[in-house]
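> Coordinates in final-v2.pdb, PDB, C-alpha atoms, are listed below.
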```
MODEL        1
ATOM      1  CA  MET J 581     -13.214  17.901  25.115  1.00  0.00           C
ATOM      2  CA  THR J 582     -16.875  18.547  24.387  1.00  0.00           C
ATOM      3  CA  ALA J 583     -18.872  16.829  21.675  1.00  0.00           C
ATOM      4  CA  SER J 584     -18.592  19.937  19.472  1.00  0.00           C
ATOM      5  CA  SER J 585     -14.877  20.644  19.986  1.00  0.00           C
ATOM      6  CA  PRO J 586     -12.598  19.878  17.049  1.00  0.00           C
ATOM      7  CA  PRO J 587      -9.660  17.535  17.747  1.00  0.00           C
ATOM      8  CA  ASP J 588      -6.337  19.194  18.527  1.00  0.00           C
ATOM      9  CA  HIS J 589      -4.229  16.340  17.175  1.00  0.00           C
ATOM     10  CA  CYS J 590      -4.432  13.185  15.091  1.00  0.00           C
ATOM     11  CA  ARG J 591      -3.529   9.810  16.515  1.00  0.00           C
ATOM     12  CA  LEU J 592      -1.144   7.750  14.418  1.00  0.00           C
ATOM     13  CA  LEU J 593      -1.479   3.984  14.583  1.00  0.00           C
ATOM     14  CA  ILE J 594       0.941   1.885  12.541  1.00  0.00           C
ATOM     15  CA  GLU J 595       0.440  -1.874  12.654  1.00  0.00           C
ATOM     16  CA  SER J 596       3.880  -3.450  12.729  1.00  0.00           C
ATOM     17  CA  ALA J 597       2.614  -6.934  11.838  1.00  0.00           C
ATOM     18  CA  PRO J 598       0.157  -7.880   9.059  1.00  0.00           C
ATOM     19  CA  GLN J 599      -3.293  -8.799  10.374  1.00  0.00           C
ATOM     20  CA  THR J 600      -6.365 -10.726   9.223  1.00  0.00           C
ATOM     21  CA  GLY J 601      -9.060  -9.012   7.215  1.00  0.00           C
ATOM     22  CA  SER J 602     -11.666  -9.459   9.948  1.00  0.00           C
ATOM     23  CA  TRP J 603      -9.409  -7.816  12.536  1.00  0.00           C
ATOM     24  CA  ASN J 604      -8.419  -4.969  10.224  1.00  0.00           C
ATOM     25  CA  MET J 605     -12.033  -4.084   9.528  1.00  0.00           C
ATOM     26  CA  ALA J 606     -13.053  -4.456  13.170  1.00  0.00           C
ATOM     27  CA  VAL J 607     -10.335  -2.027  14.259  1.00  0.00           C
ATOM     28  CA  ASP J 608     -11.386   0.526  11.658  1.00  0.00           C
ATOM     29  CA  GLU J 609     -14.994   0.429  12.848  1.00  0.00           C
ATOM     30  CA  SER J 610     -13.823   0.749  16.438  1.00  0.00           C
ATOM     31  CA  LEU J 611     -11.859   3.865  15.455  1.00  0.00           C
ATOM     32  CA  LEU J 612     -14.916   5.263  13.688  1.00  0.00           C
ATOM     33  CA  GLU J 613     -16.904   4.791  16.886  1.00  0.00           C
ATOM     34  CA  SER J 614     -14.221   6.731  18.761  1.00  0.00           C
ATOM     35  CA  ALA J 615     -14.527   9.527  16.207  1.00  0.00           C
ATOM     36  CA  VAL J 616     -18.292   9.598  16.826  1.00  0.00           C
ATOM     37  CA  ALA J 617     -18.257   9.354  20.604  1.00  0.00           C
ATOM     38  CA  ASP J 618     -15.016  11.065  21.586  1.00  0.00           C
ATOM     39  CA  GLN J 619     -14.229  13.393  18.663  1.00  0.00           C
ATOM     40  CA  VAL J 620     -10.961  11.530  18.027  1.00  0.00           C
ATOM     41  CA  CYS J 621      -9.117  11.794  14.707  1.00  0.00           C
ATOM     42  CA  SER J 622      -7.066   8.707  13.764  1.00  0.00           C
ATOM     43  CA  LEU J 623      -4.715   7.803  10.927  1.00  0.00           C
ATOM     44  CA  ARG J 624      -3.972   4.090  10.721  1.00  0.00           C
ATOM     45  CA  TRP J 625      -1.607   2.230   8.365  1.00  0.00           C
ATOM     46  CA  TYR J 626      -1.761  -1.533   8.122  1.00  0.00           C
ATOM     47  CA  ARG J 627      -1.166  -4.624   6.013  1.00  0.00           C
ATOM     48  CA  TRP J 628      -2.836  -8.004   5.465  1.00  0.00           C
ATOM     49  CA  ASP J 629      -1.499 -11.363   6.595  1.00  0.00           C
ATOM     50  CA  GLN J 630      -2.593 -13.078   3.370  1.00  0.00           C
ATOM     51  CA  ALA J 631      -4.305 -12.233   0.103  1.00  0.00           C
ATOM     52  CA  THR J 632      -7.830 -11.196   1.106  1.00  0.00           C
ATOM     53  CA  ILE J 633     -10.892  -9.881  -0.719  1.00  0.00           C
ATOM     54  CA  SER J 634     -12.769  -7.025   0.923  1.00  0.00           C
ATOM     55  CA  LEU J 635     -16.244  -6.371  -0.445  1.00  0.00           C
ATOM     56  CA  GLY J 636     -17.692  -2.879  -0.576  1.00  0.00           C
ATOM     57  CA  TYR J 637     -20.485  -2.252   1.909  1.00  0.00           C
ATOM     58  CA  PHE J 638     -23.242  -2.241  -0.700  1.00  0.00           C
ATOM     59  CA  GLN J 639     -21.709  -4.874  -2.973  1.00  0.00           C
ATOM     60  CA  LYS J 640     -23.227  -8.265  -3.664  1.00  0.00           C
ATOM     61  CA  ASN J 641     -21.142 -11.325  -2.849  1.00  0.00           C
ATOM     62  CA  ASP J 642     -22.192 -12.832  -6.170  1.00  0.00           C
ATOM     63  CA  SER J 643     -20.933 -15.516  -8.517  1.00  0.00           C
ATOM     64  CA  GLU J 644     -18.110 -13.337  -9.792  1.00  0.00           C
ATOM     65  CA  ALA J 645     -16.648 -13.352  -6.290  1.00  0.00           C
ATOM     66  CA  GLN J 646     -16.566 -17.138  -6.339  1.00  0.00           C
ATOM     67  CA  GLN J 647     -14.330 -17.624  -9.382  1.00  0.00           C
ATOM     68  CA  SER J 648     -11.807 -20.417  -8.943  1.00  0.00           C
ATOM     69  CA  LEU J 649      -8.790 -18.141  -8.624  1.00  0.00           C
ATOM     70  CA  TRP J 650     -10.261 -16.699  -5.420  1.00  0.00           C
ATOM     71  CA  GLU J 651     -12.297 -19.597  -4.049  1.00  0.00           C
ATOM     72  CA  ASP J 652      -9.891 -20.297  -1.167  1.00  0.00           C
ATOM     73  CA  LEU J 653      -9.169 -16.680  -0.272  1.00  0.00           C
ATOM     74  CA  PRO J 654     -10.605 -15.194   2.907  1.00  0.00           C
ATOM     75  CA  ARG J 655     -13.034 -12.366   2.406  1.00  0.00           C
ATOM     76  CA  VAL J 656     -14.557  -9.665   4.544  1.00  0.00           C
ATOM     77  CA  ARG J 657     -17.061  -6.855   4.019  1.00  0.00           C
ATOM     78  CA  ARG J 658     -15.898  -3.278   4.585  1.00  0.00           C
ATOM     79  CA  LEU J 659     -17.849  -0.412   6.079  1.00  0.00           C
ATOM     80  CA  SER J 660     -16.873   1.756   3.118  1.00  0.00           C
ATOM     81  CA  GLY J 661     -18.468   1.487  -0.299  1.00  0.00           C
ATOM     82  CA  GLY J 662     -17.098   0.836  -3.773  1.00  0.00           C
ATOM     83  CA  GLY J 663     -15.952  -2.325  -5.476  1.00  0.00           C
ATOM     84  CA  ALA J 664     -14.121  -5.304  -4.038  1.00  0.00           C
ATOM     85  CA  ILE J 665     -10.392  -5.022  -3.377  1.00  0.00           C
ATOM     86  CA  LEU J 666      -7.890  -7.838  -3.607  1.00  0.00           C
ATOM     87  CA  HIS J 667      -5.575  -6.876  -0.747  1.00  0.00           C
ATOM     88  CA  HIS J 668      -2.147  -8.392  -1.123  1.00  0.00           C
ATOM     89  CA  HIS J 669       1.093  -6.511  -1.831  1.00  0.00           C
ATOM     90  CA  GLU J 670       0.008  -3.079  -0.683  1.00  0.00           C
ATOM     91  CA  LEU J 671      -0.151  -0.481   2.037  1.00  0.00           C
ATOM     92  CA  THR J 672      -3.628   0.229   3.392  1.00  0.00           C
ATOM     93  CA  TYR J 673      -4.726   3.258   5.357  1.00  0.00           C
ATOM     94  CA  SER J 674      -7.803   4.315   7.232  1.00  0.00           C
ATOM     95  CA  PHE J 675      -8.456   7.893   8.245  1.00  0.00           C
ATOM     96  CA  THR J 676     -11.267   8.722  10.651  1.00  0.00           C
ATOM     97  CA  VAL J 677     -12.416  12.277  11.288  1.00  0.00           C
ATOM     98  CA  PRO J 678     -15.113  13.371  13.731  1.00  0.00           C
ATOM     99  CA  ALA J 679     -18.036  15.528  12.708  1.00  0.00           C
ATOM    100  CA  SER J 680     -16.330  18.545  14.304  1.00  0.00           C
ATOM    101  CA  HIS J 681     -13.416  18.444  11.831  1.00  0.00           C
ATOM    102  CA  PRO J 682     -13.851  20.822   8.854  1.00  0.00           C
ATOM    103  CA  LEU J 683     -13.090  18.043   6.356  1.00  0.00           C
ATOM    104  CA  ALA J 684     -16.083  16.060   7.627  1.00  0.00           C
ATOM    105  CA  LYS J 685     -18.298  18.793   6.156  1.00  0.00           C
ATOM    106  CA  SER J 686     -17.054  18.107   2.617  1.00  0.00           C
ATOM    107  CA  PRO J 687     -16.331  14.417   1.978  1.00  0.00           C
ATOM    108  CA  PRO J 688     -14.959  14.997  -1.571  1.00  0.00           C
ATOM    109  CA  ASP J 689     -12.334  17.359  -0.147  1.00  0.00           C
ATOM    110  CA  LEU J 690     -11.191  14.630   2.228  1.00  0.00           C
ATOM    111  CA  TYR J 691     -10.108  12.471  -0.711  1.00  0.00           C
ATOM    112  CA  VAL J 692      -7.932  15.261  -2.065  1.00  0.00           C
ATOM    113  CA  ALA J 693      -6.572  16.128   1.387  1.00  0.00           C
ATOM    114  CA  ILE J 694      -5.243  12.588   1.752  1.00  0.00           C
ATOM    115  CA  HIS J 695      -4.282  11.818  -1.841  1.00  0.00           C
ATOM    116  CA  GLN J 696      -2.264  14.977  -2.565  1.00  0.00           C
ATOM    117  CA  PRO J 697       0.272  14.303   0.238  1.00  0.00           C
ATOM    118  CA  LEU J 698       0.634  10.747  -1.073  1.00  0.00           C
ATOM    119  CA  ILE J 699       1.423  12.115  -4.540  1.00  0.00           C
ATOM    120  CA  ASP J 700       4.045  14.442  -3.052  1.00  0.00           C
ATOM    121  CA  ILE J 701       5.759  11.730  -1.008  1.00  0.00           C
ATOM    122  CA  LEU J 702       5.764   9.203  -3.842  1.00  0.00           C
ATOM    123  CA  ALA J 703       7.355  11.833  -6.083  1.00  0.00           C
ATOM    124  CA  ALA J 704      10.043  12.399  -3.452  1.00  0.00           C
ATOM    125  CA  HIS J 705      10.776   8.655  -3.672  1.00  0.00           C
ATOM    126  CA  ASP J 706      11.000   8.854  -7.489  1.00  0.00           C
ATOM    127  CA  LEU J 707       7.590   7.224  -7.866  1.00  0.00           C
ATOM    128  CA  PRO J 708       5.605   9.713  -9.967  1.00  0.00           C
ATOM    129  CA  VAL J 709       1.826   9.386  -9.849  1.00  0.00           C
ATOM    130  CA  THR J 710      -1.021  11.776 -10.609  1.00  0.00           C
ATOM    131  CA  PHE J 711      -4.738  12.174 -10.081  1.00  0.00           C
ATOM    132  CA  ARG J 712      -6.761  10.455 -12.789  1.00  0.00           C
ATOM    133  CA  GLY J 713      -8.682  13.670 -13.355  1.00  0.00           C
ATOM    134  CA  VAL J 714     -11.736  12.076 -14.987  1.00  0.00           C
ATOM    135  CA  SER J 715     -14.284   9.481 -13.902  1.00  0.00           C
ATOM    136  CA  PHE J 716     -15.740   6.693 -15.999  1.00  0.00           C
ATOM    137  CA  ARG J 717     -18.689   4.424 -15.391  1.00  0.00           C
ATOM    138  CA  ALA J 718     -19.865   1.271 -17.125  1.00  0.00           C
ATOM    139  CA  ASP J 719     -23.414  -0.068 -17.334  1.00  0.00           C
ATOM    140  CA  SER J 720     -22.149  -2.988 -15.271  1.00  0.00           C
ATOM    141  CA  GLU J 721     -19.363  -1.961 -12.899  1.00  0.00           C
ATOM    142  CA  PRO J 722     -16.378  -4.336 -12.650  1.00  0.00           C
ATOM    143  CA  PHE J 723     -16.363  -6.457  -9.521  1.00  0.00           C
ATOM    144  CA  LEU J 724     -12.906  -5.272  -8.446  1.00  0.00           C
ATOM    145  CA  CYS J 725     -12.370  -1.657  -7.443  1.00  0.00           C
ATOM    146  CA  PHE J 726      -9.163  -1.385  -9.464  1.00  0.00           C
ATOM    147  CA  GLY J 727     -11.183  -1.971 -12.624  1.00  0.00           C
ATOM    148  CA  ARG J 728     -13.264   1.123 -11.895  1.00  0.00           C
ATOM    149  CA  GLY J 729     -12.280   4.740 -12.420  1.00  0.00           C
ATOM    150  CA  ASP J 730     -12.795   7.886 -10.343  1.00  0.00           C
ATOM    151  CA  GLU J 731     -11.259  11.303 -10.927  1.00  0.00           C
ATOM    152  CA  ARG J 732      -9.609  11.199  -7.489  1.00  0.00           C
ATOM    153  CA  ASP J 733      -7.831   7.864  -8.097  1.00  0.00           C
ATOM    154  CA  LEU J 734      -4.052   7.959  -8.209  1.00  0.00           C
ATOM    155  CA  VAL J 735      -2.615   6.531 -11.413  1.00  0.00           C
ATOM    156  CA  TYR J 736       0.688   5.869 -13.090  1.00  0.00           C
ATOM    157  CA  GLN J 737       0.463   6.172 -16.880  1.00  0.00           C
ATOM    158  CA  GLY J 738      -3.269   5.599 -16.660  1.00  0.00           C
ATOM    159  CA  LYS J 739      -3.049   2.504 -14.436  1.00  0.00           C
ATOM    160  CA  LYS J 740      -4.790   2.827 -11.077  1.00  0.00           C
ATOM    161  CA  ILE J 741      -2.480   2.346  -8.124  1.00  0.00           C
ATOM    162  CA  LEU J 742      -4.585   3.872  -5.340  1.00  0.00           C
ATOM    163  CA  GLY J 743      -8.304   4.132  -4.729  1.00  0.00           C
ATOM    164  CA  SER J 744     -10.269   5.153  -1.640  1.00  0.00           C
ATOM    165  CA  ALA J 745     -13.818   4.907  -0.335  1.00  0.00           C
ATOM    166  CA  GLN J 746     -15.746   6.391   2.566  1.00  0.00           C
ATOM    167  CA  ARG J 747     -18.460   5.711   5.087  1.00  0.00           C
ATOM    168  CA  ARG J 748     -20.212   8.324   7.200  1.00  0.00           C
ATOM    169  CA  ARG J 749     -21.687   7.677  10.640  1.00  0.00           C
ATOM    170  CA  ARG J 750     -23.384  10.433  12.641  1.00  0.00           C
ATOM    171  CA  GLY J 751     -21.297  13.045  10.855  1.00  0.00           C
ATOM    172  CA  ALA J 752     -17.951  11.286  11.361  1.00  0.00           C
ATOM    173  CA  ILE J 753     -16.200   9.709   8.372  1.00  0.00           C
ATOM    174  CA  VAL J 754     -13.919   6.747   7.870  1.00  0.00           C
ATOM    175  CA  GLN J 755     -11.964   6.727   4.619  1.00  0.00           C
ATOM    176  CA  HIS J 756     -10.175   3.580   3.446  1.00  0.00           C
ATOM    177  CA  GLY J 757      -7.499   3.487   0.770  1.00  0.00           C
ATOM    178  CA  SER J 758      -5.219   0.861  -0.798  1.00  0.00           C
ATOM    179  CA  LEU J 759      -1.884   1.634  -2.429  1.00  0.00           C
ATOM    180  CA  LEU J 760      -1.049  -1.179  -4.855  1.00  0.00           C
ATOM    181  CA  LEU J 761       2.725  -1.640  -4.923  1.00  0.00           C
ATOM    182  CA  LEU J 762       3.183  -5.090  -6.452  1.00  0.00           C
ATOM    183  CA  THR J 763       0.981  -7.146  -8.730  1.00  0.00           C
ATOM    184  CA  SER J 764      -0.859 -10.010  -7.052  1.00  0.00           C
ATOM    185  CA  GLU J 765      -0.995 -13.394  -8.732  1.00  0.00           C
ATOM    186  CA  TYR J 766      -4.702 -13.334  -7.819  1.00  0.00           C
ATOM    187  CA  ALA J 767      -5.316 -10.174  -9.875  1.00  0.00           C
ATOM    188  CA  PRO J 768      -2.572 -10.119 -12.530  1.00  0.00           C
ATOM    189  CA  GLU J 769      -4.495  -7.652 -14.686  1.00  0.00           C
ATOM    190  CA  PHE J 770      -3.668  -4.852 -12.236  1.00  0.00           C
ATOM    191  CA  PRO J 771       0.032  -3.924 -12.242  1.00  0.00           C
ATOM    192  CA  GLY J 772       1.529  -2.567  -9.045  1.00  0.00           C
ATOM    193  CA  LEU J 773       3.363   0.733  -9.075  1.00  0.00           C
ATOM    194  CA  LEU J 774       6.757  -0.867  -8.478  1.00  0.00           C
ATOM    195  CA  ASN J 775       6.127  -3.420 -11.236  1.00  0.00           C
ATOM    196  CA  GLN J 776       5.416  -0.663 -13.723  1.00  0.00           C
ATOM    197  CA  LEU J 777       8.606   1.154 -12.786  1.00  0.00           C
ATOM    198  CA  ALA J 778      10.706  -2.048 -12.747  1.00  0.00           C
ATOM    199  CA  GLN J 779      11.583  -1.416  -9.099  1.00  0.00           C
ATOM    200  CA  THR J 780      10.131  -4.506  -7.453  1.00  0.00           C
ATOM    201  CA  SER J 781      13.289  -5.021  -5.366  1.00  0.00           C
ATOM    202  CA  ARG J 782      12.320  -1.927  -3.367  1.00  0.00           C
ATOM    203  CA  TYR J 783       9.400  -3.806  -1.807  1.00  0.00           C
ATOM    204  CA  THR J 784      11.064  -4.412   1.572  1.00  0.00           C
ATOM    205  CA  ASP J 785       9.994  -3.842   5.156  1.00  0.00           C
ATOM    206  CA  ASP J 786      12.447  -0.948   5.473  1.00  0.00           C
ATOM    207  CA  PHE J 787      11.034   0.753   2.381  1.00  0.00           C
ATOM    208  CA  LEU J 788       7.430   0.230   3.511  1.00  0.00           C
ATOM    209  CA  ASN J 789       8.220   1.580   6.977  1.00  0.00           C
ATOM    210  CA  THR J 790       9.907   4.668   5.527  1.00  0.00           C
ATOM    211  CA  LEU J 791       7.067   5.265   3.099  1.00  0.00           C
ATOM    212  CA  THR J 792       4.466   4.892   5.855  1.00  0.00           C
ATOM    213  CA  ALA J 793       6.228   7.371   8.142  1.00  0.00           C
ATOM    214  CA  ASP J 794       6.623   9.896   5.322  1.00  0.00           C
ATOM    215  CA  PHE J 795       2.973   9.528   4.323  1.00  0.00           C
ATOM    216  CA  ALA J 796       1.835  10.018   7.906  1.00  0.00           C
ATOM    217  CA  ASN J 797       3.802  13.230   8.416  1.00  0.00           C
ATOM    218  CA  ALA J 798       2.648  14.689   5.094  1.00  0.00           C
ATOM    219  CA  ILE J 799      -1.014  13.892   5.800  1.00  0.00           C
ATOM    220  CA  ALA J 800      -0.769  15.423   9.272  1.00  0.00           C
ATOM    221  CA  GLU J 801       0.543  18.642   7.748  1.00  0.00           C
ATOM    222  CA  ALA J 802      -2.185  18.622   5.102  1.00  0.00           C
ATOM    223  CA  VAL J 803      -5.033  18.265   7.604  1.00  0.00           C
ATOM    224  CA  GLN J 804      -3.313  20.689   9.995  1.00  0.00           C
ATOM    225  CA  LEU J 805      -3.275  18.326  12.937  1.00  0.00           C
ATOM    226  CA  PRO J 806      -0.043  17.261  14.662  1.00  0.00           C
ATOM    227  CA  LEU J 807       0.471  13.511  14.932  1.00  0.00           C
ATOM    228  CA  LYS J 808       0.731  11.674  18.222  1.00  0.00           C
ATOM    229  CA  SER J 809       1.709   8.007  18.024  1.00  0.00           C
ATOM    230  CA  ARG J 810      -0.712   5.931  20.034  1.00  0.00           C
ATOM    231  CA  ASN J 811      -1.970   2.388  20.438  1.00  0.00           C
ATOM    232  CA  LEU J 812      -5.610   1.392  20.602  1.00  0.00           C
ATOM    233  CA  THR J 813      -7.160   2.150  23.954  1.00  0.00           C
ATOM    234  CA  ASP J 814      -8.362  -0.741  26.087  1.00  0.00           C
ATOM    235  CA  GLU J 815     -11.951   0.132  25.169  1.00  0.00           C
ATOM    236  CA  GLU J 816     -11.165   0.254  21.436  1.00  0.00           C
ATOM    237  CA  THR J 817      -9.417  -3.111  21.651  1.00  0.00           C
ATOM    238  CA  ARG J 818     -12.362  -4.629  23.523  1.00  0.00           C
ATOM    239  CA  ARG J 819     -14.814  -3.198  21.008  1.00  0.00           C
ATOM    240  CA  ALA J 820     -12.723  -4.444  18.058  1.00  0.00           C
ATOM    241  CA  LYS J 821     -12.623  -7.963  19.502  1.00  0.00           C
ATOM    242  CA  VAL J 822     -16.412  -7.977  19.847  1.00  0.00           C
ATOM    243  CA  LEU J 823     -16.868  -6.625  16.322  1.00  0.00           C
ATOM    244  CA  GLU J 824     -14.512  -9.213  14.878  1.00  0.00           C
ATOM    245  CA  LYS J 825     -16.229 -12.100  16.651  1.00  0.00           C
ATOM    246  CA  GLU J 826     -19.843 -11.027  16.174  1.00  0.00           C
ATOM    247  CA  LYS J 827     -19.665  -9.260  12.818  1.00  0.00           C
ATOM    248  CA  TYR J 828     -16.603  -9.349  10.589  1.00  0.00           C
ATOM    249  CA  SER J 829     -15.822 -13.040  10.968  1.00  0.00           C
ATOM    250  CA  GLN J 830     -19.461 -14.005  10.385  1.00  0.00           C
ATOM    251  CA  ASP J 831     -20.649 -15.240   7.004  1.00  0.00           C
ATOM    252  CA  ALA J 832     -23.977 -13.498   7.592  1.00  0.00           C
ATOM    253  CA  TRP J 833     -22.176 -10.139   7.439  1.00  0.00           C
ATOM    254  CA  THR J 834     -19.808 -10.979   4.609  1.00  0.00           C
ATOM    255  CA  SER J 835     -22.323 -12.701   2.335  1.00  0.00           C
ATOM    256  CA  ARG J 836     -24.919  -9.959   2.230  1.00  0.00           C
ATOM    257  CA  LYS J 837     -25.270  -6.312   3.181  1.00  0.00           C
ATOM    258  CA  LYS J 838     -26.735  -5.720   6.601  1.00  0.00           C
ATOM    259  CA  GLN J 839     -27.201  -2.521   8.487  1.00  0.00           C
ATOM    260  CA  ALA J 840     -24.165  -1.586  10.583  1.00  0.00           C
TER     261      ALA J 840
ENDMDL
END
```
Mind turning this structure into structure tokens?


Amino acid sequence: MTASSPPDHCRLLIESAPQTGSWNMAVDESLLESAVADQVCSLRWYRWDQATISLGYFQKNDSEAQQSLWEDLPRVRRLSGGGAILHHHELTYSFTVPASHPLAKSPPDLYVAIHQPLIDILAAHDLPVTFRGVSFRADSEPFLCFGRGDERDLVYQGKKILGSAQRRRRGAIVQHGSLLLLTSEYAPEFPGLLNQLAQTSRYTDDFLNTLTADFANAIAEAVQLPLKSRNLTDEETRRAKVLEKEKYSQDAWTSRKKQA
């Protein structure tokens, strides 16, 4: 495959066990590097081993982040922008596309390409959500992403249940998104989708595995790339370990924005 050739398939990586925030972010950057260097397209689904705050790339780690409810929670800084996310009872995805993929030419279209299949699959599971359709901005943006509003958010009766953010590197894009399924005791103001529908008992490993597989197949069809289940390559694993040790687990990275 040459540097200008579009990918002919999309790798699917599903993490069977929840992982730390520093490892999750290190893997996503490693996959972005593969998209840049090797023109690889990757769809990854993962979870978090404990409640964790991820800060947006440009966001300040200010006093609001230190409130007592969160003071003992681990935190990590993402590559993607936007507000902080309290990752807890959710499914998280990352989607990396190389510069050669048509969707890399229009980042706004990438949001829709991923979010519409999620709407369709959730509806098939009797979980009806829609696009927000309008954006709103405040003079001072809320610290947490789920307090902000973008037209491409997914909502249930006006309550945000999925938001995504992107980062571009040499034409390739990584897009992160979090699907909030249950309310976290660390952010009780944001109801999860299953809470709102009084279906909290559905939050089981079997349900999450089924939902993840259905999402993956629908996204693959939407971006017109067949899925091939894969693990990280040895080089991606090595790179992720270095990134976790030297970057994502370091307070210097988490506490203030630095150039990636």

> I need the residue set behind the PyMOL selection byres ((chain J and resi 740) around 12) for this file; please write it as a PyMOL selection string.

chain J and resi 709-713+715+724-739+741-744+758-761+763+769-773+776

> Excluding Trp603 of chain J and residues on its chain fewer than 4 positions from it, collect all residues at most 10 Å away from it, counting only C-alpha atoms, and give them as a list in words.

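Near neighbours after the sequence-gap exclusion: Gln599, Val607, Asp608, Glu609, Trp628, Val656, Ala820, Lys821, Leu823, Glu824, Lys825, Tyr828 and Ser829 of chain J.
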
> Keeping C-alpha atoms for every residue in the selection just given, could you write it to a file as a tab-separated table (two decimals), in the frame of the given file?


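After the write, again-v4.tsv holds the following:
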```
chain	number	residue	atom	x	y	z
J	599	GLN	CA	-3.29	-8.80	10.37
J	607	VAL	CA	-10.34	-2.03	14.26
J	608	ASP	CA	-11.39	0.53	11.66
J	609	GLU	CA	-14.99	0.43	12.85
J	628	TRP	CA	-2.84	-8.00	5.46
J	656	VAL	CA	-14.56	-9.66	4.54
J	820	ALA	CA	-12.72	-4.44	18.06
J	821	LYS	CA	-12.62	-7.96	19.50
J	823	LEU	CA	-16.87	-6.62	16.32
J	824	GLU	CA	-14.51	-9.21	14.88
J	825	LYS	CA	-16.23	-12.10	16.65
J	828	TYR	CA	-16.60	-9.35	10.59
J	829	SER	CA	-15.82	-13.04	10.97
```

> Suppose you want the space between atom CA of Gln830 of chain J and atom CA of Trp625 of chain J; what is it in Å?

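Computed distance, atom CA of Gln830 of chain J to atom CA of Trp625 of chain J, equals 24.2 Å.
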
> Excluding segment 672-674 of chain J and its own-chain neighbours fewer than 6 positions away, which residues fall within 6 Å of it when counting only C-alpha atoms? Please give them as a VMD selection string.

chain J and resid 623 to 626 755 to 758

> Provide the atom CA of Ala631 of chain J to atom CA of His668 of chain J distance in Å, to one decimal place.

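Interatomic distance here is 4.6 Å.
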
> What does the structure give for the distance between atom CA of Arg657 of chain J and atom CA of Trp833 of chain J, in Å to one decimal?

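Distance reported for this atom pair: 7.0 Å.
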
> Any chance you could work out the residue set of the PyMOL selection byres ((chain J and resi 663) around 7) here, as a PDB file with C-alpha atoms, in the coordinates of the input?


```
ATOM      1  CA  LEU J 635     -16.244  -6.371  -0.445  1.00  0.00           C
ATOM      2  CA  GLY J 636     -17.692  -2.879  -0.576  1.00  0.00           C
ATOM      3  CA  GLN J 639     -21.709  -4.874  -2.973  1.00  0.00           C
ATOM      4  CA  GLY J 661     -18.468   1.487  -0.299  1.00  0.00           C
ATOM      5  CA  GLY J 662     -17.098   0.836  -3.773  1.00  0.00           C
ATOM      6  CA  ALA J 664     -14.121  -5.304  -4.038  1.00  0.00           C
ATOM      7  CA  ILE J 665     -10.392  -5.022  -3.377  1.00  0.00           C
ATOM      8  CA  PHE J 723     -16.363  -6.457  -9.521  1.00  0.00           C
ATOM      9  CA  LEU J 724     -12.906  -5.272  -8.446  1.00  0.00           C
ATOM     10  CA  CYS J 725     -12.370  -1.657  -7.443  1.00  0.00           C
TER      11      CYS J 725
END
```

> So which residues touch Asn797 of chain J within 8 Å, counting all atoms listed in the file, skipping near sequence neighbours fewer than 4 positions away, as a count of residues only?

3

> Under the rule that only C-alpha atoms are counted, which of J:Ile694, J:Leu653, J:Cys621, J:Leu611 is the nearest residue to Ala796 of chain J?

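Residue with the minimum atom-to-atom distance to Ala796 of chain J: J:Ile694.
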
> Determine the nearest neighbour of Tyr691 of chain J from the options J:Ser660, J:Asn789, J:Gln746, J:Asn641, counting all atoms listed in the file.

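Nearest candidate to Tyr691 of chain J out of J:Ser660, J:Asn789, J:Gln746, J:Asn641: J:Gln746.
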
> Would you please work out which residue, of J:Leu592, J:Ala597, J:Ala798, J:Thr813, is nearest to Ile699 of chain J when using all atoms listed in the file?

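Of J:Leu592, J:Ala597, J:Ala798, J:Thr813, the one nearest Ile699 of chain J, counting all atoms listed in the file, is J:Ala798.
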